[in-house]
>>> print(open('upload37.csv').read())   # CSV, N, CA and C atoms
chain,number,residue,atom,x,y,z
A,1,ALA,N,-18.6,-25.9,13.0
A,1,ALA,CA,-17.4,-26.0,12.2
A,1,ALA,C,-16.3,-25.3,13.0
A,2,GLY,N,-15.1,-25.9,13.0
A,2,GLY,CA,-14.0,-25.5,13.7
A,2,GLY,C,-13.2,-24.5,12.9
A,3,ALA,N,-12.1,-24.0,13.5
A,3,ALA,CA,-11.2,-23.0,12.9
A,3,ALA,C,-10.2,-23.6,11.9
A,4,GLY,N,-10.2,-24.9,11.8
A,4,GLY,CA,-9.2,-25.5,10.9
A,4,GLY,C,-9.3,-27.0,11.0
A,5,ALA,N,-8.5,-27.7,10.2
A,5,ALA,CA,-8.5,-29.1,10.2
A,5,ALA,C,-8.1,-29.6,11.6
A,6,GLY,N,-8.9,-30.5,12.1
A,6,GLY,CA,-8.6,-31.1,13.4
A,6,GLY,C,-8.9,-30.2,14.6
A,7,ALA,N,-9.6,-29.1,14.4
A,7,ALA,CA,-9.9,-28.2,15.5
A,7,ALA,C,-10.9,-28.9,16.5
A,8,GLY,N,-10.5,-28.9,17.7
A,8,GLY,CA,-11.3,-29.5,18.7
A,8,GLY,C,-12.4,-28.6,19.3
A,9,ALA,N,-13.0,-29.1,20.4
A,9,ALA,CA,-14.0,-28.3,21.1
A,9,ALA,C,-13.4,-27.0,21.6
A,10,GLY,N,-14.1,-25.9,21.5
A,10,GLY,CA,-13.6,-24.7,22.0
A,10,GLY,C,-12.8,-23.9,21.0
A,11,ALA,N,-12.6,-24.4,19.8
A,11,ALA,CA,-11.7,-23.7,18.8
A,11,ALA,C,-12.4,-22.5,18.4
A,12,LEU,N,-11.7,-21.4,18.1
A,12,LEU,CA,-12.2,-20.2,17.7
A,12,LEU,C,-12.8,-20.3,16.3
A,13,GLU,N,-13.9,-19.6,16.1
A,13,GLU,CA,-14.5,-19.6,14.8
A,13,GLU,C,-14.3,-18.2,14.2
A,14,ALA,N,-13.8,-18.1,13.0
A,14,ALA,CA,-13.7,-16.8,12.4
A,14,ALA,C,-14.9,-16.5,11.6
A,15,ALA,N,-15.4,-15.3,11.7
A,15,ALA,CA,-16.6,-14.8,10.9
A,15,ALA,C,-16.0,-14.5,9.5
A,16,SER,N,-16.8,-14.9,8.5
A,16,SER,CA,-16.3,-14.7,7.2
A,16,SER,C,-16.9,-13.4,6.5
A,17,CYS,N,-16.3,-13.0,5.4
A,17,CYS,CA,-16.9,-11.9,4.7
A,17,CYS,C,-16.7,-12.3,3.2
A,18,SER,N,-17.4,-11.5,2.4
A,18,SER,CA,-17.3,-11.8,0.9
A,18,SER,C,-16.2,-11.0,0.3
A,19,GLN,N,-15.8,-11.4,-0.9
A,19,GLN,CA,-14.8,-10.7,-1.7
A,19,GLN,C,-15.3,-9.3,-2.0
A,20,ALA,N,-16.6,-9.2,-2.3
A,20,ALA,CA,-17.2,-7.9,-2.6
A,20,ALA,C,-17.1,-6.9,-1.4
A,21,GLU,N,-17.3,-7.4,-0.2
A,21,GLU,CA,-17.1,-6.6,1.0
A,21,GLU,C,-15.6,-6.2,1.2
A,22,ALA,N,-14.7,-7.1,0.9
A,22,ALA,CA,-13.3,-6.8,1.0
A,22,ALA,C,-12.9,-5.8,-0.1
A,23,ASP,N,-13.5,-5.9,-1.3
A,23,ASP,CA,-13.2,-4.9,-2.3
A,23,ASP,C,-13.6,-3.5,-2.0
A,24,VAL,N,-14.7,-3.4,-1.2
A,24,VAL,CA,-15.2,-2.0,-0.8
A,24,VAL,C,-14.2,-1.4,0.2
A,25,VAL,N,-13.6,-2.2,1.1
A,25,VAL,CA,-12.6,-1.7,2.0
A,25,VAL,C,-11.3,-1.4,1.3
A,26,ILE,N,-10.9,-2.2,0.3
A,26,ILE,CA,-9.7,-1.9,-0.5
A,26,ILE,C,-9.8,-0.6,-1.3
A,27,LYS,N,-11.0,-0.4,-1.9
A,27,LYS,CA,-11.2,0.8,-2.6
A,27,LYS,C,-11.2,2.1,-1.7
A,28,ALA,N,-11.8,1.9,-0.5
A,28,ALA,CA,-11.8,3.0,0.5
A,28,ALA,C,-10.4,3.3,0.9
A,29,ALA,N,-9.6,2.3,1.2
A,29,ALA,CA,-8.2,2.4,1.6
A,29,ALA,C,-7.3,3.1,0.5
A,30,THR,N,-7.5,2.6,-0.7
A,30,THR,CA,-6.7,3.2,-1.8
A,30,THR,C,-7.0,4.7,-2.0
A,31,ALA,N,-8.3,5.0,-1.9
A,31,ALA,CA,-8.7,6.4,-2.1
A,31,ALA,C,-8.1,7.2,-1.0
A,32,LYS,N,-8.1,6.7,0.3
A,32,LYS,CA,-7.5,7.4,1.4
A,32,LYS,C,-6.0,7.6,1.2
A,33,LEU,N,-5.3,6.6,0.8
A,33,LEU,CA,-3.9,6.6,0.6
A,33,LEU,C,-3.5,7.6,-0.5
A,34,LYS,N,-4.3,7.6,-1.6
A,34,LYS,CA,-3.9,8.5,-2.7
A,34,LYS,C,-4.1,9.9,-2.3
A,35,GLY,N,-5.0,10.2,-1.4
A,35,GLY,CA,-5.2,11.6,-1.0
A,35,GLY,C,-4.5,12.1,0.2
A,36,ASP,N,-3.7,11.2,0.9
A,36,ASP,CA,-3.0,11.6,2.1
A,36,ASP,C,-1.6,12.1,1.8
A,37,GLY,N,-1.3,13.3,2.1
A,37,GLY,CA,0.0,14.0,1.9
A,37,GLY,C,1.1,13.3,2.6
A,38,SER,N,0.9,12.8,3.8
A,38,SER,CA,2.0,12.2,4.6
A,38,SER,C,2.4,10.9,3.9
A,39,VAL,N,1.5,10.2,3.4
A,39,VAL,CA,1.8,8.9,2.7
A,39,VAL,C,2.6,9.2,1.4
A,40,LYS,N,2.2,10.2,0.7
A,40,LYS,CA,2.9,10.6,-0.6
A,40,LYS,C,4.3,11.0,-0.3
A,41,LYS,N,4.5,11.8,0.8
A,41,LYS,CA,5.8,12.3,1.2
A,41,LYS,C,6.7,11.1,1.6
A,42,GLU,N,6.2,10.2,2.3
A,42,GLU,CA,7.0,9.1,2.9
A,42,GLU,C,7.3,8.0,1.9
A,43,VAL,N,6.2,7.5,1.2
A,43,VAL,CA,6.5,6.4,0.3
A,43,VAL,C,6.1,6.7,-1.2
A,44,GLY,N,5.4,7.8,-1.5
A,44,GLY,CA,5.1,8.1,-2.8
A,44,GLY,C,3.6,7.9,-3.1
A,45,GLN,N,3.3,8.1,-4.4
A,45,GLN,CA,1.9,8.0,-4.9
A,45,GLN,C,1.5,6.5,-5.1
A,46,LEU,N,0.4,6.1,-4.5
A,46,LEU,CA,-0.1,4.7,-4.7
A,46,LEU,C,-0.5,4.6,-6.2
A,47,THR,N,0.1,3.7,-6.9
A,47,THR,CA,-0.2,3.5,-8.3
A,47,THR,C,-0.9,2.2,-8.6
A,48,GLN,N,-0.8,1.2,-7.7
A,48,GLN,CA,-1.4,-0.1,-8.1
A,48,GLN,C,-1.5,-1.0,-6.8
A,49,VAL,N,-2.6,-1.7,-6.7
A,49,VAL,CA,-2.7,-2.8,-5.8
A,49,VAL,C,-2.2,-4.0,-6.5
A,50,THR,N,-1.2,-4.6,-6.0
A,50,THR,CA,-0.5,-5.7,-6.7
A,50,THR,C,-1.1,-7.1,-6.3
A,51,SER,N,-1.5,-7.3,-5.0
A,51,SER,CA,-2.0,-8.5,-4.6
A,51,SER,C,-2.8,-8.4,-3.3
A,52,VAL,N,-3.8,-9.2,-3.1
A,52,VAL,CA,-4.6,-9.2,-1.9
A,52,VAL,C,-4.0,-10.4,-1.1
A,53,ILE,N,-3.6,-10.1,0.1
A,53,ILE,CA,-3.0,-11.1,1.0
A,53,ILE,C,-4.1,-11.9,1.7
A,54,GLY,N,-5.1,-11.2,2.2
A,54,GLY,CA,-6.2,-11.8,2.9
A,54,GLY,C,-7.2,-10.8,3.3
A,55,TYR,N,-8.4,-11.4,3.6
A,55,TYR,CA,-9.5,-10.5,4.2
A,55,TYR,C,-10.3,-11.4,5.0
A,56,GLY,N,-11.0,-10.8,5.9
A,56,GLY,CA,-11.9,-11.5,6.8
A,56,GLY,C,-12.6,-10.6,7.8
A,57,ASN,N,-13.3,-11.2,8.7
A,57,ASN,CA,-14.1,-10.5,9.7
A,57,ASN,C,-13.8,-11.2,11.1
A,58,PRO,N,-12.6,-11.1,11.6
A,58,PRO,CA,-12.2,-11.8,12.8
A,58,PRO,C,-13.0,-11.4,14.1
A,59,SER,N,-13.4,-10.2,14.2
A,59,SER,CA,-14.1,-9.8,15.4
A,59,SER,C,-15.6,-9.9,15.2
A,60,GLY,N,-16.1,-10.1,14.0
A,60,GLY,CA,-17.5,-10.2,13.8
A,60,GLY,C,-18.1,-8.8,13.6
A,61,GLU,N,-17.2,-7.7,13.6
A,61,GLU,CA,-17.7,-6.4,13.4
A,61,GLU,C,-16.8,-5.7,12.3
A,62,GLY,N,-17.3,-5.6,11.1
A,62,GLY,CA,-16.6,-5.0,10.0
A,62,GLY,C,-15.7,-6.0,9.3
A,63,VAL,N,-14.8,-5.4,8.4
A,63,VAL,CA,-14.0,-6.2,7.6
A,63,VAL,C,-12.5,-5.7,7.7
A,64,GLN,N,-11.6,-6.6,7.7
A,64,GLN,CA,-10.2,-6.3,7.7
A,64,GLN,C,-9.6,-6.9,6.4
A,65,VAL,N,-8.6,-6.1,5.8
A,65,VAL,CA,-7.9,-6.6,4.6
A,65,VAL,C,-6.5,-6.3,4.8
A,66,ARG,N,-5.7,-7.1,4.1
A,66,ARG,CA,-4.2,-6.8,3.9
A,66,ARG,C,-3.9,-7.0,2.4
A,67,PHE,N,-3.2,-6.1,1.9
A,67,PHE,CA,-2.9,-6.2,0.5
A,67,PHE,C,-1.5,-5.5,0.2
A,68,ASN,N,-0.9,-5.9,-0.8
A,68,ASN,CA,0.4,-5.3,-1.3
A,68,ASN,C,0.1,-4.2,-2.3
A,69,ALA,N,0.8,-3.1,-2.2
A,69,ALA,CA,0.6,-2.0,-3.1
A,69,ALA,C,1.9,-1.5,-3.6
A,70,LYS,N,1.9,-0.9,-4.8
A,70,LYS,CA,3.1,-0.3,-5.4
A,70,LYS,C,2.9,1.3,-5.3
A,71,PHE,N,4.0,1.9,-4.8
A,71,PHE,CA,4.0,3.3,-4.6
A,71,PHE,C,5.2,3.9,-5.4
A,72,GLU,N,5.0,5.0,-6.1
A,72,GLU,CA,6.1,5.6,-6.9
A,72,GLU,C,6.3,7.0,-6.5
A,73,LYS,N,7.6,7.4,-6.5
A,73,LYS,CA,8.0,8.8,-6.2
A,73,LYS,C,8.7,9.4,-7.4
A,74,SER,N,8.4,10.6,-7.7
A,74,SER,CA,9.2,11.3,-8.8
A,74,SER,C,10.3,12.0,-8.1
A,75,GLY,N,11.3,12.4,-8.9
A,75,GLY,CA,12.4,13.1,-8.4
A,75,GLY,C,13.4,13.5,-9.5
A,76,ASN,N,14.6,13.9,-9.2
A,76,ASN,CA,15.5,14.3,-10.2
A,76,ASN,C,16.7,13.3,-10.4
A,77,GLY,N,16.4,12.1,-10.4
A,77,GLY,CA,17.4,11.1,-10.7
A,77,GLY,C,18.1,11.3,-12.0
A,78,MET,N,19.4,11.1,-12.1
A,78,MET,CA,20.1,11.3,-13.4
A,78,MET,C,20.0,10.1,-14.3
A,79,VAL,N,19.8,10.4,-15.5
A,79,VAL,CA,19.8,9.4,-16.6
A,79,VAL,C,21.2,9.6,-17.3
A,80,LEU,N,22.1,8.6,-17.1
A,80,LEU,CA,23.4,8.9,-17.6
A,80,LEU,C,23.7,8.2,-18.9
A,81,ASN,N,24.6,8.8,-19.7
A,81,ASN,CA,25.0,8.3,-21.0
A,81,ASN,C,26.5,8.3,-20.9
A,82,GLY,N,27.1,7.1,-21.1
A,82,GLY,CA,28.6,7.1,-21.1
A,82,GLY,C,29.2,6.3,-20.0
A,83,GLY,N,28.4,5.7,-19.1
A,83,GLY,CA,28.9,5.0,-18.0
A,83,GLY,C,29.5,5.9,-16.9
A,84,ILE,N,30.4,5.3,-16.1
A,84,ILE,CA,31.0,6.0,-15.0
A,84,ILE,C,31.9,7.2,-15.5
A,85,PHE,N,32.6,6.9,-16.5
A,85,PHE,CA,33.6,7.9,-17.0
A,85,PHE,C,32.9,8.7,-18.1
A,86,GLY,N,33.1,10.0,-18.0
A,86,GLY,CA,32.5,10.9,-19.0
A,86,GLY,C,31.0,11.0,-19.0
A,87,ALA,N,30.4,10.7,-17.8
A,87,ALA,CA,29.0,10.7,-17.6
A,87,ALA,C,28.4,12.1,-17.8
A,88,LYS,N,27.3,12.2,-18.6
A,88,LYS,CA,26.6,13.4,-18.7
A,88,LYS,C,25.1,13.0,-18.9
A,89,GLU,N,24.3,14.0,-18.6
A,89,GLU,CA,22.9,13.7,-18.8
A,89,GLU,C,22.5,13.5,-20.2
A,90,LYS,N,21.7,12.5,-20.5
A,90,LYS,CA,21.3,12.2,-21.9
A,90,LYS,C,20.3,13.2,-22.4
A,91,LYS,N,20.5,13.6,-23.6
A,91,LYS,CA,19.6,14.6,-24.2
A,91,LYS,C,18.3,14.0,-24.4
A,92,GLY,N,17.2,14.8,-24.1
A,92,GLY,CA,15.9,14.3,-24.3
A,92,GLY,C,15.5,13.3,-23.2
A,93,ALA,N,16.2,13.2,-22.1
A,93,ALA,CA,15.9,12.3,-21.0
A,93,ALA,C,14.5,12.6,-20.5
A,94,LYS,N,13.7,11.6,-20.1
A,94,LYS,CA,12.4,11.8,-19.6
A,94,LYS,C,12.4,12.4,-18.2
A,95,LYS,N,11.4,13.1,-17.9
A,95,LYS,CA,11.2,13.7,-16.6
A,95,LYS,C,10.0,12.9,-16.0
A,96,GLY,N,9.9,12.9,-14.7
A,96,GLY,CA,8.8,12.3,-14.0
A,96,GLY,C,9.2,11.1,-13.2
A,97,PRO,N,8.2,10.2,-12.9
A,97,PRO,CA,8.5,9.0,-12.0
A,97,PRO,C,9.6,8.1,-12.5
A,98,GLU,N,9.8,8.0,-13.8
A,98,GLU,CA,10.9,7.1,-14.3
A,98,GLU,C,12.3,7.7,-14.0
A,99,ARG,N,12.3,8.9,-13.6
A,99,ARG,CA,13.6,9.6,-13.3
A,99,ARG,C,13.8,9.6,-11.8
A,100,GLY,N,12.8,9.3,-11.0
A,100,GLY,CA,12.9,9.4,-9.6
A,100,GLY,C,13.4,8.1,-8.9
A,101,ARG,N,13.0,8.0,-7.7
A,101,ARG,CA,13.5,6.9,-6.8
A,101,ARG,C,13.0,5.6,-7.4
A,102,GLY,N,12.0,5.6,-8.1
A,102,GLY,CA,11.4,4.3,-8.6
A,102,GLY,C,10.3,3.9,-7.8
A,103,ALA,N,10.0,2.6,-7.7
A,103,ALA,CA,8.9,2.0,-7.0
A,103,ALA,C,9.3,1.4,-5.7
A,104,ILE,N,8.4,1.4,-4.8
A,104,ILE,CA,8.5,0.7,-3.5
A,104,ILE,C,7.2,-0.1,-3.3
A,105,PHE,N,7.4,-1.3,-2.9
A,105,PHE,CA,6.2,-2.2,-2.6
A,105,PHE,C,6.0,-2.3,-1.1
A,106,ALA,N,4.8,-2.0,-0.7
A,106,ALA,CA,4.5,-2.0,0.8
A,106,ALA,C,3.2,-2.8,1.1
A,107,GLN,N,3.1,-3.2,2.3
A,107,GLN,CA,1.9,-3.9,2.7
A,107,GLN,C,1.0,-3.0,3.4
A,108,VAL,N,-0.3,-3.0,3.0
A,108,VAL,CA,-1.3,-2.1,3.6
A,108,VAL,C,-2.3,-3.0,4.4
A,109,LYS,N,-2.6,-2.5,5.6
A,109,LYS,CA,-3.6,-3.1,6.4
A,109,LYS,C,-4.7,-2.1,6.6
A,110,ALA,N,-5.9,-2.5,6.4
A,110,ALA,CA,-7.1,-1.6,6.5
A,110,ALA,C,-8.2,-2.3,7.2
A,111,ARG,N,-9.0,-1.5,7.9
A,111,ARG,CA,-10.2,-2.1,8.6
A,111,ARG,C,-11.3,-1.1,8.5
A,112,ALA,N,-12.5,-1.7,8.2
A,112,ALA,CA,-13.7,-0.9,8.1
A,112,ALA,C,-14.7,-1.4,9.2
A,113,ASN,N,-15.5,-0.5,9.7
A,113,ASN,CA,-16.5,-1.0,10.7
A,113,ASN,C,-17.7,-1.6,10.0
A,114,ALA,N,-18.7,-2.0,10.8
A,114,ALA,CA,-19.8,-2.8,10.2
A,114,ALA,C,-20.6,-1.9,9.2
A,115,LYS,N,-20.5,-0.6,9.3
A,115,LYS,CA,-21.2,0.3,8.4
A,115,LYS,C,-20.4,0.6,7.1
A,116,GLY,N,-19.2,0.0,7.0
A,116,GLY,CA,-18.4,0.2,5.9
A,116,GLY,C,-17.4,1.4,5.9
A,117,LYS,N,-17.4,2.1,7.0
A,117,LYS,CA,-16.5,3.3,7.2
A,117,LYS,C,-15.1,2.8,7.5
A,118,LEU,N,-14.1,3.4,6.8
A,118,LEU,CA,-12.7,3.0,7.1
A,118,LEU,C,-12.3,3.6,8.5
A,119,VAL,N,-11.9,2.7,9.4
A,119,VAL,CA,-11.5,3.2,10.7
A,119,VAL,C,-10.1,3.0,11.1
A,120,GLU,N,-9.4,2.2,10.3
A,120,GLU,CA,-7.9,2.0,10.5
A,120,GLU,C,-7.2,1.7,9.2
A,121,CYS,N,-6.1,2.3,9.0
A,121,CYS,CA,-5.3,2.1,7.8
A,121,CYS,C,-3.8,2.4,8.0
A,122,SER,N,-3.0,1.5,7.6
A,122,SER,CA,-1.5,1.7,7.8
A,122,SER,C,-0.8,1.1,6.6
A,123,VAL,N,0.4,1.6,6.4
A,123,VAL,CA,1.3,1.2,5.4
A,123,VAL,C,2.6,0.7,6.0
A,124,ALA,N,3.0,-0.5,5.8
A,124,ALA,CA,4.2,-1.1,6.4
A,124,ALA,C,5.3,-1.2,5.3
A,125,LYS,N,6.3,-0.3,5.4
A,125,LYS,CA,7.4,-0.3,4.5
A,125,LYS,C,8.3,-1.6,4.8
A,126,ASP,N,9.0,-2.1,3.8
A,126,ASP,CA,9.9,-3.2,4.0
A,126,ASP,C,9.3,-4.4,4.6
A,127,GLY,N,8.1,-4.7,4.2
A,127,GLY,CA,7.4,-5.9,4.7
A,127,GLY,C,7.1,-5.9,6.2
A,128,GLY,N,7.0,-4.8,6.8
A,128,GLY,CA,6.7,-4.7,8.2
A,128,GLY,C,8.0,-4.7,9.1
A,129,TRP,N,9.2,-4.9,8.5
A,129,TRP,CA,10.4,-4.8,9.2
A,129,TRP,C,10.9,-3.4,9.4
A,130,GLY,N,10.4,-2.5,8.6
A,130,GLY,CA,10.8,-1.1,8.6
A,130,GLY,C,9.8,-0.2,9.3
A,131,LYS,N,9.6,0.9,8.8
A,131,LYS,CA,8.7,1.9,9.4
A,131,LYS,C,7.3,1.6,9.0
A,132,THR,N,6.3,1.8,9.9
A,132,THR,CA,4.9,1.7,9.6
A,132,THR,C,4.3,3.1,9.7
A,133,ILE,N,3.6,3.4,8.6
A,133,ILE,CA,2.9,4.7,8.6
A,133,ILE,C,1.4,4.5,8.9
A,134,ASN,N,1.0,5.1,10.0
A,134,ASN,CA,-0.4,5.1,10.4
A,134,ASN,C,-1.1,6.2,9.7
A,135,VAL,N,-2.2,6.0,9.0
A,135,VAL,CA,-3.0,7.0,8.3
A,135,VAL,C,-4.2,7.4,9.1
A,136,ARG,N,-4.4,8.7,9.2
A,136,ARG,CA,-5.6,9.1,10.0
A,136,ARG,C,-6.8,8.9,9.1
A,137,CYS,N,-7.8,8.2,9.8
A,137,CYS,CA,-9.1,7.9,9.1
A,137,CYS,C,-10.2,8.8,9.6
>>> encode(input="upload37.csv", output="structure tokens")
Amino acid sequence: AGAGAGAGAGALEAASCSQAEADVVIKAATAKLKGDGSVKKEVGQLTQVTSVIGYGNPSGEGVQVRFNAKFEKSGNGMVLNGGIFGAKEKKGAKKGPERGRGAIFAQVKARANAKGKLVECSVAKDGGWGKTINVRC
């Protein structure tokens, strides 16, 4: 079998992996990201995996995955009452993530070796056009 429709002789063949194998890597990556202080400082707390972009085993050794994730940061954002003029903080305004910077969506790339150990993990802000945060594994 070739690597795609109309693939000729000598076409590269990609090794496949199961969704269950990819889920193991996603769970390991999310646990690592939730516990990493540099990630929390840079993009916030990982709150949700929003979509899986893809997974596979291109090298034949381990599993690679890419997924989108939602990160939230808390802060002291103002909740205003009265518009631009006469603005003052609303009484009983909530504190926490809903008062902070809000959410950022970033792409996560993770790779586990054949034994299932996470060996590479990074978070690409701004769809890869901005800063990429490499996480120590």
>>> closest_residue(input="upload37.csv", among="A:Gly116, A:Gly102, A:Gly130, A:Pro58", to="Gln45 of chain A", atoms="only C-alpha atoms")
A:Gly102
>>> atom_distance(input="upload37.csv", atom1="atom CA of Ala20 of chain A", atom2="atom N of Ile133 of chain A")
26.2 Å
>>> atom_distance(input="upload37.csv", atom1="atom CA of Lys131 of chain A", atom2="atom CA of Lys109 of chain A")
13.6 Å
>>> residues_around(input="upload37.csv", residues="Ala106 of chain A", least_positions_apart="3", cutoff="8 Å", atoms="only N, CA and C atoms", output="PyMOL selection string")
chain A and resi 67-71+103+109+122-128
>>> residues_around(input="upload37.csv", residues="Ala29 of chain A", least_positions_apart="4", cutoff="7 Å", atoms="only N, CA and C atoms", output="list in words")
Val24, Val25, Leu33, Lys34, Ala110, Leu118 and Cys121 of chain A
>>> atom_distance(input="upload37.csv", atom1="atom C of Ser38 of chain A", atom2="atom CA of Glu72 of chain A")
12.6 Å
>>> closest_residue(input="upload37.csv", among="A:Val135, A:Ala114, A:Val119, A:Val65", to="Ile26 of chain A", atoms="only N, CA and C atoms")
A:Val65
>>> closest_residue(input="upload37.csv", among="A:Gly60, A:Gly35, A:Gly54, A:Gly44", to="Ser16 of chain A", atoms="only C-alpha atoms")
A:Gly60
>>> build_atoms(input="upload37.csv", residues="segment 102-110 of chain A", atoms="all heavy atoms", output="mmCIF file, keeping the file's coordinate frame")
data_model
loop_
_atom_site.group_PDB
_atom_site.id
_atom_site.type_symbol
_atom_site.label_atom_id
_atom_site.label_comp_id
_atom_site.auth_asym_id
_atom_site.auth_seq_id
_atom_site.Cartn_x
_atom_site.Cartn_y
_atom_site.Cartn_z
ATOM 1 N N GLY A 102 12.000 5.600 -8.100
ATOM 2 C CA GLY A 102 11.400 4.300 -8.600
ATOM 3 C C GLY A 102 10.300 3.900 -7.800
ATOM 4 O O GLY A 102 9.569 4.687 -7.147
ATOM 5 N N ALA A 103 10.000 2.600 -7.700
ATOM 6 C CA ALA A 103 8.900 2.000 -7.000
ATOM 7 C C ALA A 103 9.300 1.400 -5.700
ATOM 8 O O ALA A 103 10.398 0.881 -5.547
ATOM 9 C CB ALA A 103 8.192 1.021 -7.889
ATOM 10 N N ILE A 104 8.400 1.400 -4.800
ATOM 11 C CA ILE A 104 8.500 0.700 -3.500
ATOM 12 C C ILE A 104 7.200 -0.100 -3.300
ATOM 13 O O ILE A 104 6.135 0.338 -3.700
ATOM 14 C CB ILE A 104 8.713 1.655 -2.310
ATOM 15 C CG1 ILE A 104 8.968 0.867 -1.030
ATOM 16 C CG2 ILE A 104 7.560 2.589 -2.114
ATOM 17 C CD1 ILE A 104 9.368 1.733 0.152
ATOM 18 N N PHE A 105 7.400 -1.300 -2.900
ATOM 19 C CA PHE A 105 6.200 -2.200 -2.600
ATOM 20 C C PHE A 105 6.000 -2.300 -1.100
ATOM 21 O O PHE A 105 6.983 -2.548 -0.394
ATOM 22 C CB PHE A 105 6.406 -3.550 -3.253
ATOM 23 C CG PHE A 105 6.429 -3.487 -4.755
ATOM 24 C CD1 PHE A 105 7.608 -3.234 -5.427
ATOM 25 C CD2 PHE A 105 5.269 -3.627 -5.479
ATOM 26 C CE1 PHE A 105 7.644 -3.139 -6.808
ATOM 27 C CE2 PHE A 105 5.281 -3.533 -6.870
ATOM 28 C CZ PHE A 105 6.474 -3.292 -7.525
ATOM 29 N N ALA A 106 4.800 -2.000 -0.700
ATOM 30 C CA ALA A 106 4.500 -2.000 0.800
ATOM 31 C C ALA A 106 3.200 -2.800 1.100
ATOM 32 O O ALA A 106 2.409 -2.966 0.176
ATOM 33 C CB ALA A 106 4.424 -0.596 1.273
ATOM 34 N N GLN A 107 3.100 -3.200 2.300
ATOM 35 C CA GLN A 107 1.900 -3.900 2.700
ATOM 36 C C GLN A 107 1.000 -3.000 3.400
ATOM 37 O O GLN A 107 1.377 -2.222 4.295
ATOM 38 C CB GLN A 107 2.308 -5.072 3.671
ATOM 39 C CG GLN A 107 1.170 -6.022 3.955
ATOM 40 C CD GLN A 107 1.615 -7.165 4.818
ATOM 41 O OE1 GLN A 107 1.218 -7.265 5.954
ATOM 42 N NE2 GLN A 107 2.453 -8.034 4.279
ATOM 43 N N VAL A 108 -0.300 -3.000 3.000
ATOM 44 C CA VAL A 108 -1.300 -2.100 3.600
ATOM 45 C C VAL A 108 -2.300 -3.000 4.400
ATOM 46 O O VAL A 108 -2.696 -4.044 3.962
ATOM 47 C CB VAL A 108 -2.076 -1.383 2.446
ATOM 48 C CG1 VAL A 108 -3.183 -0.518 3.022
ATOM 49 C CG2 VAL A 108 -1.121 -0.550 1.604
ATOM 50 N N LYS A 109 -2.600 -2.500 5.600
ATOM 51 C CA LYS A 109 -3.600 -3.100 6.400
ATOM 52 C C LYS A 109 -4.700 -2.100 6.600
ATOM 53 O O LYS A 109 -4.467 -0.928 6.953
ATOM 54 C CB LYS A 109 -2.979 -3.454 7.782
ATOM 55 C CG LYS A 109 -3.964 -4.116 8.729
ATOM 56 C CD LYS A 109 -3.280 -4.596 9.994
ATOM 57 C CE LYS A 109 -3.084 -3.444 10.944
ATOM 58 N NZ LYS A 109 -2.653 -3.870 12.283
ATOM 59 N N ALA A 110 -5.900 -2.500 6.400
ATOM 60 C CA ALA A 110 -7.100 -1.600 6.500
ATOM 61 C C ALA A 110 -8.200 -2.300 7.200
ATOM 62 O O ALA A 110 -8.417 -3.537 7.022
ATOM 63 C CB ALA A 110 -7.519 -1.100 5.123
#
